[in-house]
>>> print(open('target.txt').read())   # compact mmCIF, C-alpha atoms and all ligand atoms
# COMPACT_ATOMS: atom_id res chain seq x y z
CA MET A 118 4.38 7.46 -20.97
CA ARG A 119 6.90 6.77 -18.26
CA TYR A 120 6.78 3.91 -15.76
CA ARG A 121 7.84 3.07 -12.23
CA THR A 122 7.70 0.03 -9.99
CA ILE A 123 5.44 -0.14 -6.95
CA GLY A 124 6.07 -2.73 -4.25
CA THR A 125 9.17 -4.81 -3.58
CA ASP A 126 8.19 -8.50 -3.49
CA PRO A 127 8.81 -10.03 -6.95
CA ARG A 128 5.53 -11.96 -6.57
CA THR A 129 3.36 -8.88 -6.15
CA ARG A 130 5.27 -5.77 -7.27
CA ARG A 131 4.04 -4.08 -10.45
CA GLU A 132 5.29 -1.67 -13.04
CA VAL A 133 2.78 1.16 -13.46
CA SER A 134 2.52 4.36 -15.47
CA VAL A 135 3.66 7.45 -13.56
CA LEU A 136 0.29 9.07 -14.16
CA ALA A 137 -2.57 7.34 -12.34
CA LEU A 138 -6.20 7.77 -13.39
CA GLY A 139 -8.85 8.44 -10.76
CA ALA A 140 -12.21 6.79 -11.43
CA MET A 141 -13.93 8.21 -8.34
CA LEU A 142 -16.80 9.89 -10.16
CA PHE A 143 -17.12 7.39 -13.01
CA GLY A 144 -20.62 5.90 -13.01
CA THR A 145 -22.13 8.72 -10.98
CA ARG A 146 -21.25 12.31 -11.94
CA THR A 147 -19.36 11.17 -15.05
CA ASP A 148 -21.60 9.17 -17.40
CA GLU A 149 -20.56 5.82 -18.80
CA ALA A 150 -19.82 6.95 -22.37
CA THR A 151 -17.52 9.76 -21.16
CA ALA A 152 -15.85 7.49 -18.60
CA PHE A 153 -15.20 4.79 -21.21
CA ALA A 154 -13.75 7.39 -23.61
CA ILE A 155 -11.38 8.64 -20.87
CA LEU A 156 -10.37 5.09 -19.91
CA ASP A 157 -9.77 4.09 -23.55
CA ARG A 158 -7.63 7.15 -24.28
CA TYR A 159 -5.66 6.68 -21.05
CA VAL A 160 -4.79 3.09 -22.01
CA GLU A 161 -4.02 4.10 -25.59
CA ALA A 162 -1.51 6.63 -24.23
CA GLY A 163 0.20 3.92 -22.16
CA GLY A 164 -1.63 4.46 -18.86
CA THR A 165 -1.74 1.35 -16.66
CA PHE A 166 -2.72 2.51 -13.15
CA ILE A 167 -6.39 3.13 -12.30
CA ASP A 168 -7.78 4.05 -8.88
CA THR A 169 -11.18 3.38 -7.35
CA SER A 170 -12.79 2.44 -4.01
CA ASP A 171 -15.69 0.35 -2.73
CA ASN A 172 -17.42 3.56 -1.57
CA TYR A 173 -17.18 5.64 -4.80
CA ALA A 174 -19.15 7.71 -5.06
CA PHE A 175 -21.76 7.28 -2.31
CA TRP A 176 -22.11 11.04 -1.71
CA GLU A 177 -23.27 11.63 -5.26
CA ASN A 178 -26.54 9.74 -4.85
CA GLY A 179 -26.89 9.13 -1.11
CA GLY A 180 -26.15 5.42 -1.56
CA GLN A 181 -23.22 3.34 -0.35
CA GLY A 182 -21.00 3.50 -3.44
CA GLY A 183 -19.78 0.76 -5.75
CA GLU A 184 -20.83 2.47 -9.00
CA SER A 185 -17.20 3.25 -9.93
CA GLU A 186 -16.03 -0.35 -9.42
CA GLU A 187 -19.06 -1.65 -11.34
CA LEU A 188 -18.36 0.68 -14.26
CA LEU A 189 -14.70 -0.43 -14.30
CA GLY A 190 -15.89 -4.05 -14.30
CA ARG A 191 -18.08 -3.40 -17.35
CA TRP A 192 -15.24 -1.56 -19.09
CA ARG A 193 -12.76 -4.37 -18.36
CA ARG A 194 -15.16 -6.96 -19.77
CA SER A 195 -16.15 -4.99 -22.85
CA ARG A 196 -12.51 -4.21 -23.75
CA GLY A 197 -11.05 -7.58 -22.74
CA VAL A 198 -8.74 -5.88 -20.23
CA GLY A 199 -6.53 -8.31 -18.32
CA ASN A 200 -3.61 -8.24 -15.96
CA GLU A 201 -1.77 -5.51 -17.87
CA ILE A 202 -3.83 -2.74 -16.26
CA VAL A 203 -3.32 -2.34 -12.52
CA ILE A 204 -6.53 -1.46 -10.68
CA ALA A 205 -6.26 -0.24 -7.12
CA THR A 206 -9.27 -0.18 -4.84
CA LYS A 207 -9.93 0.66 -1.18
CA LEU A 208 -12.08 -0.49 1.69
CA GLY A 209 -12.89 0.74 5.16
CA ALA A 210 -14.80 3.94 4.35
CA ARG A 211 -17.94 2.51 2.79
CA PRO A 212 -21.02 3.67 4.71
CA LEU A 213 -22.91 0.78 6.25
CA ALA A 214 -26.29 2.22 5.23
CA PRO A 215 -27.62 4.60 2.57
CA GLY A 216 -27.86 8.16 3.79
CA THR A 217 -24.89 7.79 6.15
CA SER A 218 -21.18 8.40 5.53
CA TYR A 219 -17.67 7.32 6.46
CA VAL A 220 -17.69 9.81 9.30
CA ASP A 221 -20.66 8.46 11.27
CA ASN A 222 -21.10 4.91 9.95
CA PRO A 223 -18.03 3.44 8.21
CA GLU A 224 -17.55 -0.28 7.55
CA GLY A 225 -14.13 -0.06 9.20
CA LEU A 226 -11.14 -2.39 9.08
CA SER A 227 -12.07 -5.54 11.01
CA ALA A 228 -10.82 -8.86 9.60
CA LYS A 229 -14.41 -9.73 8.66
CA VAL A 230 -14.93 -6.48 6.73
CA ILE A 231 -11.56 -6.82 4.99
CA ARG A 232 -12.44 -10.32 3.79
CA GLU A 233 -16.04 -9.62 2.79
CA SER A 234 -15.55 -6.19 1.24
CA ALA A 235 -12.53 -7.31 -0.77
CA GLU A 236 -14.58 -10.17 -2.16
CA ARG A 237 -17.40 -7.81 -3.15
CA SER A 238 -14.88 -5.50 -4.84
CA ARG A 239 -13.47 -8.45 -6.78
CA ASP A 240 -17.00 -9.32 -7.92
CA ARG A 241 -17.80 -5.76 -9.00
CA LEU A 242 -14.48 -5.37 -10.82
CA GLY A 243 -14.53 -8.90 -12.25
CA MET A 244 -11.01 -9.63 -10.97
CA ASP A 245 -9.70 -12.82 -9.36
CA ARG A 246 -7.02 -10.79 -7.64
CA LEU A 247 -7.05 -7.13 -6.58
CA ASP A 248 -3.69 -5.71 -7.73
CA LEU A 249 -3.52 -3.17 -4.91
CA LEU A 250 -5.88 -2.85 -1.95
CA TYR A 251 -5.78 0.16 0.37
CA ALA A 252 -7.08 0.77 3.87
CA HIS A 253 -9.05 3.93 3.02
CA ILE A 254 -9.31 5.56 6.46
CA GLU A 255 -8.26 4.62 9.99
CA ASP A 256 -10.38 2.39 12.20
CA THR A 257 -9.33 2.96 15.79
CA THR A 258 -12.06 0.63 17.13
CA VAL A 259 -10.26 -2.49 15.87
CA PRO A 260 -6.84 -3.65 17.14
CA LEU A 261 -4.23 -2.76 14.54
CA ARG A 262 -2.93 -6.33 14.61
CA GLU A 263 -6.33 -7.63 13.46
CA THR A 264 -6.29 -5.24 10.49
CA VAL A 265 -2.70 -6.13 9.57
CA GLU A 266 -3.41 -9.86 9.78
CA GLY A 267 -6.70 -9.49 7.90
CA PHE A 268 -4.98 -7.88 4.91
CA ALA A 269 -2.04 -10.32 5.05
CA GLU A 270 -4.38 -13.31 4.88
CA LEU A 271 -5.77 -12.12 1.56
CA VAL A 272 -2.24 -11.66 0.18
CA ALA A 273 -1.35 -15.19 1.35
CA GLU A 274 -4.44 -16.55 -0.39
CA GLY A 275 -3.54 -14.70 -3.58
CA THR A 276 -6.75 -12.66 -3.79
CA VAL A 277 -4.81 -9.41 -3.18
CA GLY A 278 -1.41 -8.36 -4.52
CA LEU A 279 -0.02 -5.21 -2.93
CA LEU A 280 -1.25 -3.43 0.18
CA GLY A 281 -1.69 0.30 0.56
CA VAL A 282 -2.89 2.85 3.07
CA SER A 283 -4.59 6.23 2.82
CA ASN A 284 -5.56 9.02 5.22
CA HIS A 285 -3.76 7.53 8.25
CA TRP A 286 -1.52 9.49 10.57
CA THR A 287 2.10 8.62 9.77
CA TRP A 288 2.65 7.06 13.19
CA ARG A 289 -0.22 4.65 12.58
CA VAL A 290 1.28 3.64 9.21
CA GLU A 291 4.64 3.01 10.85
CA ARG A 292 3.04 1.07 13.70
CA ALA A 293 1.07 -1.15 11.29
CA ARG A 294 4.18 -1.75 9.18
CA ALA A 295 6.19 -2.62 12.28
CA ILE A 296 3.56 -5.15 13.40
CA ALA A 297 3.60 -6.71 9.92
CA ALA A 298 7.41 -6.81 9.72
CA ALA A 299 7.76 -8.38 13.17
CA ALA A 300 5.30 -11.09 12.18
CA GLY A 301 6.89 -11.68 8.76
CA LEU A 302 3.73 -10.44 7.04
CA PRO A 303 3.36 -8.09 4.07
CA GLY A 304 2.74 -4.48 5.10
CA TYR A 305 1.50 -1.30 3.43
CA GLU A 306 3.83 -0.29 0.60
CA VAL A 307 1.79 2.30 -1.30
CA LEU A 308 0.75 5.44 0.57
CA GLN A 309 -2.09 7.51 -0.91
CA TYR A 310 -2.35 11.06 0.42
CA GLN A 311 -3.53 14.48 -0.73
CA HIS A 312 -0.49 16.21 -2.13
CA SER A 313 0.05 19.05 -4.54
CA TYR A 314 2.30 22.05 -5.14
CA LEU A 315 0.34 24.41 -2.91
CA LYS A 316 0.82 23.63 0.76
CA GLU A 317 -2.25 22.94 2.80
CA ARG A 318 -2.46 23.77 6.51
CA ALA A 319 -2.79 20.35 8.15
CA ASP A 320 -3.61 21.64 11.63
CA LEU A 321 -7.22 22.69 11.04
CA PRO A 322 -9.81 20.26 12.47
CA THR A 323 -11.33 17.99 9.81
CA GLU A 324 -14.19 15.54 9.72
CA LEU A 325 -11.68 12.71 10.25
CA SER A 326 -9.83 14.21 13.21
CA PRO A 327 -10.04 17.17 15.60
CA HIS A 328 -6.23 17.31 15.44
CA GLY A 329 -6.08 18.15 11.76
CA SER A 330 -5.94 16.40 8.43
CA PRO A 331 -4.56 12.84 8.51
CA GLY A 332 -5.03 12.65 4.72
CA ASN A 333 -2.57 15.44 4.03
CA ALA A 334 0.97 14.52 2.95
CA SER A 335 2.44 16.18 6.03
CA PRO A 336 6.14 16.98 6.54
CA ASP A 337 6.14 13.95 8.84
CA LEU A 338 4.91 11.70 6.04
CA ILE A 339 7.29 13.20 3.48
CA SER A 340 10.29 12.61 5.76
CA TYR A 341 9.07 9.03 6.38
CA LEU A 342 8.98 8.44 2.61
CA HIS A 343 12.48 9.87 2.16
CA GLU A 344 13.77 7.44 4.78
CA ASN A 345 11.92 4.49 3.24
CA PRO A 346 12.50 4.69 -0.52
CA GLU A 347 10.88 1.29 -1.09
CA LEU A 348 7.52 2.94 -0.37
CA THR A 349 5.54 4.82 -3.04
CA LEU A 350 3.57 8.03 -2.61
CA VAL A 351 0.42 8.29 -4.70
CA ALA A 352 -0.79 11.91 -4.60
CA TYR A 353 -4.57 12.30 -4.73
CA SER A 354 -6.36 15.47 -5.85
CA PRO A 355 -3.05 16.89 -7.20
CA LEU A 356 -4.93 19.51 -9.22
CA LEU A 357 -6.91 20.54 -6.14
CA LYS A 358 -10.09 19.43 -7.89
CA GLY A 359 -9.62 22.08 -10.56
CA ALA A 360 -8.96 25.01 -8.20
CA TYR A 361 -5.68 26.02 -9.89
CA VAL A 362 -7.48 26.95 -13.08
CA ARG A 363 -11.00 27.87 -12.04
CA SER A 364 -12.01 31.25 -10.76
CA ASP A 365 -11.75 31.70 -7.00
CA SER A 366 -15.50 31.93 -6.59
CA ASP A 367 -16.12 28.74 -8.59
CA ARG A 368 -13.53 26.57 -6.80
CA PRO A 369 -12.38 28.36 -3.65
CA LEU A 370 -9.17 27.00 -2.19
CA GLY A 371 -10.65 27.18 1.27
CA PRO A 372 -9.28 28.15 4.68
CA ALA A 373 -6.52 25.51 4.64
CA TYR A 374 -4.79 27.54 1.88
CA ASP A 375 -5.32 30.91 3.52
CA HIS A 376 -1.71 31.50 4.54
CA ALA A 377 1.28 33.51 3.35
CA GLY A 378 2.78 30.70 1.27
CA THR A 379 -0.13 30.46 -1.14
CA PRO A 380 0.30 33.73 -3.09
CA ALA A 381 4.08 33.18 -3.27
CA ARG A 382 3.63 29.69 -4.69
CA LEU A 383 0.90 30.76 -7.12
CA ALA A 384 3.18 33.53 -8.43
CA ALA A 385 6.10 31.11 -8.94
CA LEU A 386 3.78 28.63 -10.64
CA ARG A 387 2.42 31.21 -13.07
CA GLU A 388 5.93 32.43 -13.84
CA VAL A 389 7.21 28.95 -14.70
CA ALA A 390 4.06 28.18 -16.68
CA ALA A 391 4.54 31.32 -18.77
CA GLU A 392 8.22 30.45 -19.38
CA THR A 393 7.61 26.87 -20.43
CA GLY A 394 4.43 27.54 -22.41
CA ALA A 395 2.77 24.84 -20.32
CA THR A 396 -0.45 25.25 -18.36
CA VAL A 397 -0.45 25.75 -14.60
CA ASN A 398 -1.91 22.24 -14.15
CA GLN A 399 0.91 20.79 -16.25
CA VAL A 400 3.59 22.54 -14.21
CA VAL A 401 2.02 21.18 -11.00
CA LEU A 402 2.08 17.64 -12.40
CA ALA A 403 5.63 18.00 -13.76
CA TRP A 404 6.76 19.31 -10.36
CA LEU A 405 5.27 16.25 -8.64
CA LEU A 406 6.64 13.80 -11.22
CA GLY A 407 10.19 15.06 -11.41
CA GLY A 408 11.03 15.73 -7.78
CA GLU A 409 13.65 14.08 -5.61
CA LEU A 410 10.86 12.07 -3.99
CA PRO A 411 9.10 10.10 -6.71
CA VAL A 412 5.37 10.78 -6.64
CA ILE A 413 2.59 9.26 -8.73
CA PRO A 414 -0.07 11.94 -9.32
CA LEU A 415 -3.58 10.46 -9.23
CA VAL A 416 -5.75 12.72 -11.34
CA GLY A 417 -9.48 12.86 -12.00
CA PHE A 418 -10.95 13.99 -15.33
CA SER A 419 -14.42 14.81 -16.54
CA SER A 420 -13.39 14.97 -20.22
CA VAL A 421 -10.83 13.52 -22.63
CA ALA A 422 -9.49 17.05 -23.21
CA GLN A 423 -8.55 17.32 -19.50
CA LEU A 424 -6.80 13.95 -19.74
CA GLU A 425 -4.83 15.10 -22.81
CA GLU A 426 -3.56 18.09 -20.86
CA ALA A 427 -2.29 15.85 -18.06
CA LEU A 428 -0.73 13.32 -20.45
CA ALA A 429 1.37 16.07 -22.02
CA ALA A 430 2.73 16.94 -18.55
CA VAL A 431 4.45 13.54 -18.32
CA ASP A 432 6.98 14.75 -20.91
CA LEU A 433 7.47 18.19 -19.37
CA ASP A 434 10.88 18.27 -17.68
CA LEU A 435 11.44 21.35 -15.56
CA THR A 436 14.99 22.71 -15.42
CA PRO A 437 16.86 22.52 -12.08
CA GLU A 438 16.59 26.31 -11.90
CA GLN A 439 12.81 26.23 -12.40
CA ARG A 440 12.47 23.53 -9.75
CA ALA A 441 14.61 25.51 -7.33
CA ARG A 442 12.43 28.58 -7.88
CA LEU A 443 9.23 26.57 -7.32
CA ASP A 444 10.66 24.87 -4.23
CA GLY A 445 11.92 28.14 -2.85
CA ALA A 446 8.57 29.94 -2.86
CA HIS A 447 7.03 29.86 0.63
N1 LIG B 1 -7.71 8.42 -0.87
C1 LIG B 1 -8.63 9.35 -0.81
O1 LIG B 1 -9.20 9.59 0.26
C2 LIG B 1 -9.00 10.14 -2.03
C3 LIG B 1 -9.70 11.35 -1.91
C4 LIG B 1 -10.02 12.06 -3.07
C5 LIG B 1 -9.64 11.57 -4.32
N2 LIG B 1 -8.97 10.38 -4.40
C6 LIG B 1 -8.57 9.82 -5.73
O2 LIG B 1 -7.91 10.82 -6.48
C7 LIG B 1 -8.53 10.99 -7.75
C8 LIG B 1 -8.43 12.44 -8.20
O3 LIG B 1 -8.97 13.29 -7.24
P1 LIG B 1 -9.93 14.53 -7.53
O4 LIG B 1 -10.77 14.28 -8.72
O5 LIG B 1 -10.55 14.82 -6.22
O6 LIG B 1 -8.94 15.73 -7.77
P2 LIG B 1 -8.04 16.30 -8.95
O7 LIG B 1 -7.46 15.22 -9.75
O8 LIG B 1 -7.15 17.29 -8.31
O9 LIG B 1 -9.09 17.15 -9.80
C9 LIG B 1 -9.78 16.63 -10.88
C10 LIG B 1 -10.70 17.71 -11.42
O10 LIG B 1 -9.95 18.85 -11.80
C11 LIG B 1 -10.63 19.49 -12.85
N3 LIG B 1 -9.72 19.66 -13.99
C12 LIG B 1 -8.78 18.82 -14.45
N4 LIG B 1 -8.18 19.34 -15.54
C13 LIG B 1 -8.77 20.52 -15.78
C14 LIG B 1 -8.63 21.53 -16.75
N5 LIG B 1 -7.74 21.42 -17.75
N6 LIG B 1 -9.42 22.63 -16.68
C15 LIG B 1 -10.32 22.75 -15.69
N7 LIG B 1 -10.52 21.83 -14.75
C16 LIG B 1 -9.75 20.73 -14.78
C17 LIG B 1 -11.82 18.64 -13.25
O11 LIG B 1 -12.98 19.18 -12.64
P3 LIG B 1 -14.43 19.06 -13.35
O12 LIG B 1 -14.80 17.62 -13.20
O13 LIG B 1 -15.30 19.96 -12.54
O14 LIG B 1 -14.28 19.44 -14.77
C18 LIG B 1 -11.44 17.29 -12.66
O15 LIG B 1 -12.53 16.48 -12.36
C19 LIG B 1 -9.96 10.47 -7.53
O16 LIG B 1 -10.57 10.03 -8.73
C20 LIG B 1 -9.74 9.34 -6.57
O17 LIG B 1 -9.37 8.16 -7.28
C21 LIG B 1 -8.63 9.67 -3.28
>>> encode(input="target.txt", output="C-alpha cells", more="lines below")
Ligand SMILES: NC(=O)c1ccc[n+]([C@@H]2O[C@H](COP(=O)([O-])OP(=O)(O)OC[C@H]3O[C@@H](n4cnc5c(N)ncnc54)[C@H](OP(=O)(O)O)[C@@H]3O)[C@@H](O)[C@H]2O)c1
Amino acid sequence: MRYRTIGTDPRTRREVSVLALGAMLFGTRTDEATAFAILDRYVEAGGTFIDTSDNYAFWENGGQGGESEELLGRWRRSRGVGNEIVIATKLGARPLAPGTSYVDNPEGLSAKVIRESAERSRDRLGMDRLDLLYAHIEDTTVPLRETVEGFAELVAEGTVGLLGVSNHWTWRVERARAIAAAAGLPGYEVLQYQHSYLKERADLPTELSPHGSPGNASPDLISYLHENPELTLVAYSPLLKGAYVRSDSDRPLGPAYDHAGTPARLAALREVAAETGATVNQVVLAWLLGGELPVIPLVGFSSVAQLEEALAAVDLDLTPEQRARLDGAH
C-alpha cells in the first residue's frame, strides 16, 4: 500500500492509504458477511481510508439511509478498530422522510442540521470524533457563512477532524473557503468529486442543477486543485460503477459519455492494458494514482475479488510514454 497526507493542520491532518474504500452499499445491497470480508481484507492490505454518508443507501430500500454507517459501527466494534482507520462521512443529502430524496427533501446544511446529523453519525459509527466530515451537496437556502461556522464549531469542539466538500460548484467551494479563511476558521480541505479516465460532459442538466453536473471534477475544479496543492481530490465512482468492464447493454455509459473523446480514450486504455498485462480497471486506477495531480480513487466493491484487482493497481506504475498516450487521447 502507499500513503498520502490529507489536511494541513498538525492537529487534524491524517495519513491515509492512496486507495479509499467506498462503503455506500454496505448494509443494503451488499450483505454484512460480504461487507465485513471486504473491510477485513482492505485493512489487511494496509487500507486505512473508508468512505460513507449519513444517507447511504436510502434509495435501496426507500428509507432515509444510515445502514452503511451502522454496519461500519458494528464492524469497528467487532474488530476493535480504533483511530488507525480514517472514516469519512457526509451530511446534507439525507432525505427528511422515507420515500423522498436529496433532490426534493434534503436535510441541508443549516447549523442545526450540521450539529445534529454529525452527532447521529458519531452514534451510528461509534466514534467520539469524525475523522473527516463532508458537506454532501449544496444547500443554497442557508447563508454560506452559517454552514461554514456550523462545521467550524464542531472542529473547535473536537467532534470533527477534517472538513470536506462534495458535489459543489467550484466557485461555491472557493467562496466557502474564503469566508472560513477570513474568519480564521478551518475550511474544506478534501474535495470529493466524480472523476475517472473517461471524460464526462458536465453541461447536461442533472437532478442537482439545470446548468450541468456540479459533482463532476470539471476543468475548473482541476485547475483550482493545481493552484491549491494543499487540497486533496478524492475521486468517487472512478470505475464508472463497473461500466469499463461490463457489456454496454448491462452498464451503459449514458449520454454524458456520448462524445468523440470516448472511443479515443477507450482505445488508448485497451492498448495500455494489453501492453502492461493489467486489466482496464487497473490502468484507470493507476492513471488516477500516478498523475501530476495526486488523486485518491474511492472505489466500491461487491466482492473481495474486485477489491484484490484494485489493490494490485496501487503497485502498477505506468511509464511516462504510456501516460502521455493516455493523456493525449481526446
Ligand atoms: N460524493 C458522492 O456524491 C458520491 C457518489 C457516488 C459514490 N460515492 C462514493 O464512491 C464510492 C464508489 O462509488 P461507486 O460504487 O458508485 O463506483 P465505482 O467504484 O466506480 O464502481 C464500483 C462497482 O464497479 C464494479 N466493479 C468493480 N470491480 C469490478 C470488476 N473487476 N469487474 C466487474 N465489475 C467491477 C462493481 O459493480 P457490482 O457491484 O455490480 O459488481 C462495483 O460495485 C461509493 O461507495 C461512495 O463511498 C460518493
>>> residues_around(input="target.txt", residues="range 414-426 of chain A", least_positions_apart="2", cutoff="10 Å", atoms="all atoms listed in the file", output="MDAnalysis selection string")
chainID A and resid 135:143 146:148 151:159 162 166:168 309:313 350:359 395:396 398:399 401:403 405:406 411:412 428:431
>>> atom_distance(input="target.txt", atom1="CA of Thr206 in chain A", atom2="atom C3 of ligand LIG 1 (chain B)")
11.9 Å
>>> atom_distance(input="target.txt", atom1="CA of Glu186 in chain A", atom2="atom C15 of ligand LIG 1 (chain B)")
24.6 Å
>>> residues_around(input="target.txt", residues="range 440-446 of chain A", least_positions_apart="3", cutoff="6 Å", atoms="all atoms listed in the file", output="MDAnalysis selection string")
chainID A and resid 381:382 385 437
>>> axis_aligned_box(input="target.txt", around="range 186-203 of chain A", padding_each_side="5 Å", output="AutoDock Vina command-line options")
--center_x -10.4 --center_y -3.8 --center_z -16.6 --size_x 27.3 --size_y 19.0 --size_z 24.3
>>> closest_residue(input="target.txt", among="A:Ala235, A:Leu315, A:Ala150, A:Leu383", to="ligand LIG 1 (chain B)", atoms="only C-alpha atoms and all ligand atoms")
A:Leu315
>>> closest_residue(input="target.txt", among="A:Ile254, A:Leu280, A:Ala214, A:Leu189", to="ligand LIG 1 (chain B)", atoms="all atoms listed in the file")
A:Ile254
>>> closest_residue(input="target.txt", among="A:Gly124, A:Ser330, A:Ile231, A:Asp245", to="Asn345 in chain A", atoms="only C-alpha atoms")
A:Gly124
>>> closest_residue(input="target.txt", among="A:Ser234, A:Val397, A:Leu308, A:Pro322", to="Arg363 in chain A", atoms="all atoms listed in the file")
A:Val397
>>> residues_near_point(input="target.txt", point="(-17.7, -5.7, -8.8)", cutoff="9 Å", atoms="only C-alpha atoms", output="list of chain:residue names")
A:Asp171, A:Gly183, A:Glu184, A:Glu186, A:Glu187, A:Leu188, A:Leu189, A:Gly190, A:Arg191, A:Glu236, A:Arg237, A:Ser238, A:Arg239, A:Asp240, A:Arg241, A:Leu242, A:Gly243, A:Met244
>>> write_last_selection(input="target.txt", atoms="C-alpha atoms", output="PDB file, in the coordinates of the input")
ATOM      1  CA  ASP A 171     -15.690   0.350  -2.730  1.00  0.00           C
ATOM      2  CA  GLY A 183     -19.780   0.760  -5.750  1.00  0.00           C
ATOM      3  CA  GLU A 184     -20.830   2.470  -9.000  1.00  0.00           C
ATOM      4  CA  GLU A 186     -16.030  -0.350  -9.420  1.00  0.00           C
ATOM      5  CA  GLU A 187     -19.060  -1.650 -11.340  1.00  0.00           C
ATOM      6  CA  LEU A 188     -18.360   0.680 -14.260  1.00  0.00           C
ATOM      7  CA  LEU A 189     -14.700  -0.430 -14.300  1.00  0.00           C
ATOM      8  CA  GLY A 190     -15.890  -4.050 -14.300  1.00  0.00           C
ATOM      9  CA  ARG A 191     -18.080  -3.400 -17.350  1.00  0.00           C
ATOM     10  CA  GLU A 236     -14.580 -10.170  -2.160  1.00  0.00           C
ATOM     11  CA  ARG A 237     -17.400  -7.810  -3.150  1.00  0.00           C
ATOM     12  CA  SER A 238     -14.880  -5.500  -4.840  1.00  0.00           C
ATOM     13  CA  ARG A 239     -13.470  -8.450  -6.780  1.00  0.00           C
ATOM     14  CA  ASP A 240     -17.000  -9.320  -7.920  1.00  0.00           C
ATOM     15  CA  ARG A 241     -17.800  -5.760  -9.000  1.00  0.00           C
ATOM     16  CA  LEU A 242     -14.480  -5.370 -10.820  1.00  0.00           C
ATOM     17  CA  GLY A 243     -14.530  -8.900 -12.250  1.00  0.00           C
ATOM     18  CA  MET A 244     -11.010  -9.630 -10.970  1.00  0.00           C
TER      19      MET A 244
END
>>> residues_around(input="target.txt", residues="Glu347 in chain A", least_positions_apart="3", cutoff="9 Å", atoms="all atoms listed in the file", output="JSON, numbers by chain")
{"A": [123, 124, 125, 306, 342, 344]}
>>> closest_residue(input="target.txt", among="A:Phe175, A:Tyr219, A:Trp288, A:Phe268", to="Asp256 in chain A", atoms="only C-alpha atoms")
A:Tyr219
>>> build_atoms(input="target.txt", residues="range 152-163 of chain A", atoms="N, CA, C and O atoms", output="PDB file, in the frame of the given file")
ATOM      1  N   ALA A 152     -16.830   8.241 -19.388  1.00  0.00           N
ATOM      2  CA  ALA A 152     -15.850   7.490 -18.600  1.00  0.00           C
ATOM      3  C   ALA A 152     -15.109   6.474 -19.479  1.00  0.00           C
ATOM      4  O   ALA A 152     -13.877   6.363 -19.408  1.00  0.00           O
ATOM      5  N   PHE A 153     -15.844   5.770 -20.330  1.00  0.00           N
ATOM      6  CA  PHE A 153     -15.200   4.790 -21.210  1.00  0.00           C
ATOM      7  C   PHE A 153     -14.229   5.491 -22.169  1.00  0.00           C
ATOM      8  O   PHE A 153     -13.141   4.977 -22.451  1.00  0.00           O
ATOM      9  N   ALA A 154     -14.627   6.653 -22.682  1.00  0.00           N
ATOM     10  CA  ALA A 154     -13.750   7.390 -23.610  1.00  0.00           C
ATOM     11  C   ALA A 154     -12.461   7.809 -22.895  1.00  0.00           C
ATOM     12  O   ALA A 154     -11.358   7.721 -23.459  1.00  0.00           O
ATOM     13  N   ILE A 155     -12.574   8.243 -21.645  1.00  0.00           N
ATOM     14  CA  ILE A 155     -11.380   8.640 -20.870  1.00  0.00           C
ATOM     15  C   ILE A 155     -10.501   7.407 -20.611  1.00  0.00           C
ATOM     16  O   ILE A 155      -9.282   7.443 -20.800  1.00  0.00           O
ATOM     17  N   LEU A 156     -11.125   6.313 -20.200  1.00  0.00           N
ATOM     18  CA  LEU A 156     -10.370   5.090 -19.910  1.00  0.00           C
ATOM     19  C   LEU A 156      -9.655   4.580 -21.183  1.00  0.00           C
ATOM     20  O   LEU A 156      -8.472   4.216 -21.137  1.00  0.00           O
ATOM     21  N   ASP A 157     -10.367   4.588 -22.307  1.00  0.00           N
ATOM     22  CA  ASP A 157      -9.770   4.090 -23.550  1.00  0.00           C
ATOM     23  C   ASP A 157      -8.573   4.947 -23.964  1.00  0.00           C
ATOM     24  O   ASP A 157      -7.525   4.430 -24.348  1.00  0.00           O
ATOM     25  N   ARG A 158      -8.731   6.257 -23.864  1.00  0.00           N
ATOM     26  CA  ARG A 158      -7.630   7.150 -24.280  1.00  0.00           C
ATOM     27  C   ARG A 158      -6.438   7.014 -23.330  1.00  0.00           C
ATOM     28  O   ARG A 158      -5.285   7.049 -23.761  1.00  0.00           O
ATOM     29  N   TYR A 159      -6.735   6.849 -22.054  1.00  0.00           N
ATOM     30  CA  TYR A 159      -5.660   6.680 -21.050  1.00  0.00           C
ATOM     31  C   TYR A 159      -4.831   5.434 -21.394  1.00  0.00           C
ATOM     32  O   TYR A 159      -3.598   5.490 -21.417  1.00  0.00           O
ATOM     33  N   VAL A 160      -5.500   4.338 -21.695  1.00  0.00           N
ATOM     34  CA  VAL A 160      -4.790   3.090 -22.010  1.00  0.00           C
ATOM     35  C   VAL A 160      -4.036   3.232 -23.337  1.00  0.00           C
ATOM     36  O   VAL A 160      -2.887   2.794 -23.464  1.00  0.00           O
ATOM     37  N   GLU A 161      -4.675   3.887 -24.291  1.00  0.00           N
ATOM     38  CA  GLU A 161      -4.020   4.100 -25.590  1.00  0.00           C
ATOM     39  C   GLU A 161      -2.708   4.879 -25.426  1.00  0.00           C
ATOM     40  O   GLU A 161      -1.720   4.631 -26.093  1.00  0.00           O
ATOM     41  N   ALA A 162      -2.710   5.810 -24.467  1.00  0.00           N
ATOM     42  CA  ALA A 162      -1.510   6.630 -24.230  1.00  0.00           C
ATOM     43  C   ALA A 162      -0.488   5.924 -23.337  1.00  0.00           C
ATOM     44  O   ALA A 162       0.520   6.517 -22.958  1.00  0.00           O
ATOM     45  N   GLY A 163      -0.758   4.679 -22.973  1.00  0.00           N
ATOM     46  CA  GLY A 163       0.200   3.920 -22.160  1.00  0.00           C
ATOM     47  C   GLY A 163      -0.112   3.894 -20.683  1.00  0.00           C
ATOM     48  O   GLY A 163       0.666   3.357 -19.895  1.00  0.00           O
TER      49      GLY A 163
END
